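Notes follow the structure.
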Amino acid sequence: MSFGQWYNEVKTSEEDQDTESGMSLPLFNAPNLPSDMGWSSLKSGLEAQMPQQILGMNYQQRFQVFCALLILSAVFFALGFFVGLPMILARPQKFALSFTCGSLTFMGSFAILRGPKAHIMSMVTQERLPFTFIYVSSMVATLHFTFNAYGPKGYVTVLMASGFQLVALLW
């Protein structure tokens, strides 16, 4: 008798003993358990939970756009904090514009991933509605004052709107 034959006999006898004594775990002996318990089965399980087509893109394409928008938002935030923040006393519009664009691209990345309708519906739920209203209003005010208010009055209003946006985000 070869080693391979001996091993197969021992293995089948142990399996028979385990099933007779009830020692086997039903999770690992399930007939419908996929043989591939790796990345592809996890990916297909996640894709099955997500809507198939949103804005004409499948899940993989939406995930790529999500990553691109997330990186773009990180670039905007970095510009805001490393370029705009040191110059906030001279030109607060630089910080306000980059920070607001970073916030918009960050929110847009999740809207693309989940779908715009699902994202907006989650933003306007009963418990999130006050935060959503204040945060979106502060972003609109920041953009309005950044592009329309000039001189000393514009300086103060942009600083106030940016502060309002930061407070709303921290809330």
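Order determines the names: the first chain of the structure tokens is A, the second B, and so forth; residues in each chain are numbered 1 upward, and ligands are numbered 1 upward as they are shown.
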
### Task
Identify, on the basis of only C-alpha atoms, every residue whose closest approach to A:Gly80 does not exceed 12 Å; exclude the query and any residue fewer than 5 positions from it along the same chain; express the result as an MDAnalysis selection string.
chainID A and resid 73:75 85:88 91:103 162

### Task
Could you give me, as an MDAnalysis selection string, each residue of chain A that DSSP assigns to helix (DSSP H, G or I) when run on this structure's backbone?
chainID A and resid 3:21 39:49 59:84 92:114 116:123 129:148 151:170

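When only C-alpha atoms are used to measure the gap to A:Gly151, the shortest distance among A:Val83, A:Ala90, A:Ile134, A:Phe110 belongs to A:Ala90.
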
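With only C-alpha atoms as the basis for measurement, A:Ile112 is the residue among A:Ala149, A:Ala141, A:Ile112, A:Met160 that approaches A:Cys67 most closely.
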
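Atom pair atom CA of A:Leu159 / atom CA of A:Met123: separated by 26.2 Å.
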
### Task
Might you pull out every residue within 7 Å of A:Thr142, with only C-alpha atoms counted and same-chain residues fewer than 2 positions away left off, and present them as a PyMOL selection string?
chain A and resi 96+138-140+144-146+158+161-162

Give me a file of those residues, with N, CA and C atoms, as a PDB file, in the first residue's frame.
ATOM      1  N   ALA A  96     -11.063  78.995   1.081  1.00  0.00           N
ATOM      2  CA  ALA A  96     -12.500  78.722   0.988  1.00  0.00           C
ATOM      3  C   ALA A  96     -12.822  77.915  -0.260  1.00  0.00           C
ATOM      4  N   SER A 138     -23.905  76.241   4.161  1.00  0.00           N
ATOM      5  CA  SER A 138     -22.605  76.880   4.404  1.00  0.00           C
ATOM      6  C   SER A 138     -21.693  76.762   3.184  1.00  0.00           C
ATOM      7  N   MET A 139     -21.776  75.651   2.458  1.00  0.00           N
ATOM      8  CA  MET A 139     -20.971  75.529   1.244  1.00  0.00           C
ATOM      9  C   MET A 139     -21.452  76.488   0.156  1.00  0.00           C
ATOM     10  N   VAL A 140     -22.759  76.603   0.001  1.00  0.00           N
ATOM     11  CA  VAL A 140     -23.303  77.535  -0.993  1.00  0.00           C
ATOM     12  C   VAL A 140     -22.934  78.969  -0.619  1.00  0.00           C
ATOM     13  N   HIS A 144     -20.706  81.487  -2.829  1.00  0.00           N
ATOM     14  CA  HIS A 144     -21.306  82.761  -3.231  1.00  0.00           C
ATOM     15  C   HIS A 144     -20.416  83.932  -2.815  1.00  0.00           C
ATOM     16  N   PHE A 145     -19.993  83.965  -1.580  1.00  0.00           N
ATOM     17  CA  PHE A 145     -19.164  85.083  -1.114  1.00  0.00           C
ATOM     18  C   PHE A 145     -17.762  85.047  -1.729  1.00  0.00           C
ATOM     19  N   THR A 146     -17.261  83.853  -2.037  1.00  0.00           N
ATOM     20  CA  THR A 146     -15.942  83.763  -2.668  1.00  0.00           C
ATOM     21  C   THR A 146     -15.955  84.394  -4.053  1.00  0.00           C
ATOM     22  N   VAL A 158     -16.224  86.042   3.506  1.00  0.00           N
ATOM     23  CA  VAL A 158     -15.625  84.748   3.132  1.00  0.00           C
ATOM     24  C   VAL A 158     -15.063  84.065   4.373  1.00  0.00           C
ATOM     25  N   ALA A 161     -18.100  82.727   6.312  1.00  0.00           N
ATOM     26  CA  ALA A 161     -18.720  81.572   5.651  1.00  0.00           C
ATOM     27  C   ALA A 161     -17.826  80.339   5.768  1.00  0.00           C
ATOM     28  N   SER A 162     -16.513  80.521   5.639  1.00  0.00           N
ATOM     29  CA  SER A 162     -15.590  79.384   5.790  1.00  0.00           C
ATOM     30  C   SER A 162     -15.612  78.853   7.222  1.00  0.00           C
TER      31      SER A 162
END

### Query
How many Å lie between atom CA of A:Glu127 and atom CA of A:Thr105, rounded to one decimal?
23.3 Å

### Message
So, with only C-alpha atoms as the atoms that count, which of A:Ala111, A:Leu104, A:Ile120, A:Val136 lies closest to A:Ala168?
### Response
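Closest to A:Ala168, using only C-alpha atoms: A:Val136.
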
### Task
Have a look at atom CA of A:Gln64 and atom CA of A:Pro116 and let me know their distance in Å, one decimal.
15.9 Å

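Take the candidates A:Thr12, A:Ser109, A:Ser2, A:Gln126 and check each one against A:Arg62 using only C-alpha atoms; the shortest distance goes to A:Ser109.
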